[in-house]
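Asker: Got a structure here, written out as structure tokens. Questions coming.
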Amino acid sequence: MIDRFGVRPHDGLSVVAPKAQIPTGAIYILTHVDVFPTFKDQAIELVKAQADAARKDDGNLRYDVLQWDGHPNHFTLVEAWRDRKAFDTSAAAPHTKEFRQKLTPLEGALYDERLYQAIR
């Protein structure tokens with residue numbers, strides 16, 4: 001039997017070095033953003049602006065934007081936060097609310113945000 005895994009190679013669209021070593025208890029967020037192809041350029045500007053703003057939020061350790069090879073209208077947002085409180089505070093920030101409000105009409109699929117925590 002051959003195992004097959006879904007492979008989605010990505011390129012870095014907006015990637016910066018982590019601010020610090022990721023501590024135990026950090027929370028990780030992976031978000032898939034899929035927009036209609038005609039809105040790709042608008043979405044690129046939105047996800048890059050959101051990354052720039054979120055990187056300045058207290059407790060952000062990493063915020064990267066990746067673009068799916070062969071599907072330039074699909075993005076993966078990779079975040080690391082000090083703790084859940086820091087993430088929740090950023091999620092409620094005006095820049096995040098504005099990002100989601102502007103992104104929603106461009107979406108080709110539901111905004112898929114998943115939270116993870118490392119098990120040590």
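Letters A, B, ... mark the chains of the structure tokens in the order given; residue numbers begin at 1 per chain; ligand numbers begin at 1, in order shown.
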Tell me, counting only C-alpha atoms, for each residue of range 11-38 of chain A within 8 Å of range 65-80 of chain A, which pair of atoms is nearest and how far apart they are in Å to one decimal, in rows ordered by chain and increasing number, as JSON lines.

Answerer:
{"residue": "A:Asp11", "atom": "CA", "partner": "A:Gln67", "partner_atom": "CA", "distance": 5.3}
{"residue": "A:Gly12", "atom": "CA", "partner": "A:Leu66", "partner_atom": "CA", "distance": 4.6}
{"residue": "A:Leu13", "atom": "CA", "partner": "A:Leu66", "partner_atom": "CA", "distance": 5.1}
{"residue": "A:Ser14", "atom": "CA", "partner": "A:Val65", "partner_atom": "CA", "distance": 4.9}
{"residue": "A:Val15", "atom": "CA", "partner": "A:Val65", "partner_atom": "CA", "distance": 6.2}
{"residue": "A:Ile22", "atom": "CA", "partner": "A:Ala80", "partner_atom": "CA", "distance": 7.6}
{"residue": "A:Ala26", "atom": "CA", "partner": "A:Ala80", "partner_atom": "CA", "distance": 6.7}
{"residue": "A:Ile27", "atom": "CA", "partner": "A:Ala80", "partner_atom": "CA", "distance": 5.7}
{"residue": "A:Tyr28", "atom": "CA", "partner": "A:Ala80", "partner_atom": "CA", "distance": 4.5}
{"residue": "A:Ile29", "atom": "CA", "partner": "A:Glu79", "partner_atom": "CA", "distance": 5.0}
{"residue": "A:Leu30", "atom": "CA", "partner": "A:Val78", "partner_atom": "CA", "distance": 5.0}
{"residue": "A:Thr31", "atom": "CA", "partner": "A:Leu77", "partner_atom": "CA", "distance": 5.0}
{"residue": "A:His32", "atom": "CA", "partner": "A:Thr76", "partner_atom": "CA", "distance": 4.7}
{"residue": "A:Val33", "atom": "CA", "partner": "A:Phe75", "partner_atom": "CA", "distance": 5.0}
{"residue": "A:Asp34", "atom": "CA", "partner": "A:His74", "partner_atom": "CA", "distance": 4.6}
{"residue": "A:Val35", "atom": "CA", "partner": "A:Asn73", "partner_atom": "CA", "distance": 5.5}
{"residue": "A:Phe36", "atom": "CA", "partner": "A:Asn73", "partner_atom": "CA", "distance": 6.7}
{"residue": "A:Pro37", "atom": "CA", "partner": "A:Asn73", "partner_atom": "CA", "distance": 5.4}

Asker: For Ile44 in chain A, which of A:Ala86, A:Ala91, A:Leu106, A:Ala17 is the closest residue, counting only C-alpha atoms?

Answerer: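 Among A:Ala86, A:Ala91, A:Leu106, A:Ala17, it is A:Leu106 that comes nearest to Ile44 in chain A.
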
Asker: Quick one: pull the distance between CA of Arg120 in chain A and CA of Ala92 in chain A, Å, one decimal.

Answerer: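 Atom-to-atom, CA of Arg120 in chain A to CA of Ala92 in chain A, that is 29.0 Å.
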
Asker: Just give me the gap between CA of Gln117 in chain A and CA of Arg55 in chain A in Å, one decimal is fine.

Answerer: 19.2 Å

Asker: Residues of range 32-100 of chain A in helix (DSSP H, G or I) according to DSSP, as an MDAnalysis selection string?

Answerer: chainID A and resid 37:54 84:91 94:100

Asker: Keeping only C-alpha atoms, write the selected residues to a file as a compact mmCIF listing (two decimals), in the first residue's frame.

Answerer:
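Resulting contents of result-v3.txt:
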# COMPACT_ATOMS: atom_id res chain seq x y z
CA PRO A 37 -8.37 34.62 -8.90
CA THR A 38 -9.50 38.07 -10.06
CA PHE A 39 -8.91 39.37 -6.50
CA LYS A 40 -5.41 37.90 -6.09
CA ASP A 41 -3.57 41.24 -6.26
CA GLN A 42 -5.94 42.88 -3.76
CA ALA A 43 -5.54 39.91 -1.43
CA ILE A 44 -1.75 40.08 -1.64
CA GLU A 45 -1.82 43.68 -0.45
CA LEU A 46 -4.27 42.83 2.34
CA VAL A 47 -2.37 39.82 3.73
CA LYS A 48 0.95 41.67 3.58
CA ALA A 49 -0.51 44.70 5.37
CA GLN A 50 -2.06 42.45 8.02
CA ALA A 51 1.27 40.70 8.57
CA ASP A 52 3.07 44.03 8.96
CA ALA A 53 0.49 45.26 11.48
CA ALA A 54 0.26 42.02 13.47
CA ARG A 84 -3.73 32.75 23.81
CA LYS A 85 -4.36 36.15 25.43
CA ALA A 86 -1.90 37.85 23.04
CA PHE A 87 -3.55 36.16 20.06
CA ASP A 88 -7.05 37.10 21.23
CA THR A 89 -6.00 40.72 21.76
CA SER A 90 -4.60 40.90 18.23
CA ALA A 91 -7.70 39.20 16.80
CA PRO A 94 -8.84 47.32 14.66
CA HIS A 95 -6.29 46.28 12.01
CA THR A 96 -7.45 42.64 12.20
CA LYS A 97 -11.13 43.55 12.05
CA GLU A 98 -10.46 45.79 9.04
CA PHE A 99 -8.43 43.04 7.35
CA ARG A 100 -11.21 40.49 7.71

Asker: To one decimal in Å, tell me the separation between CA of Tyr63 in chain A and CA of Lys19 in chain A.

Answerer: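 Going from CA of Tyr63 in chain A over to CA of Lys19 in chain A, I get 9.8 Å.
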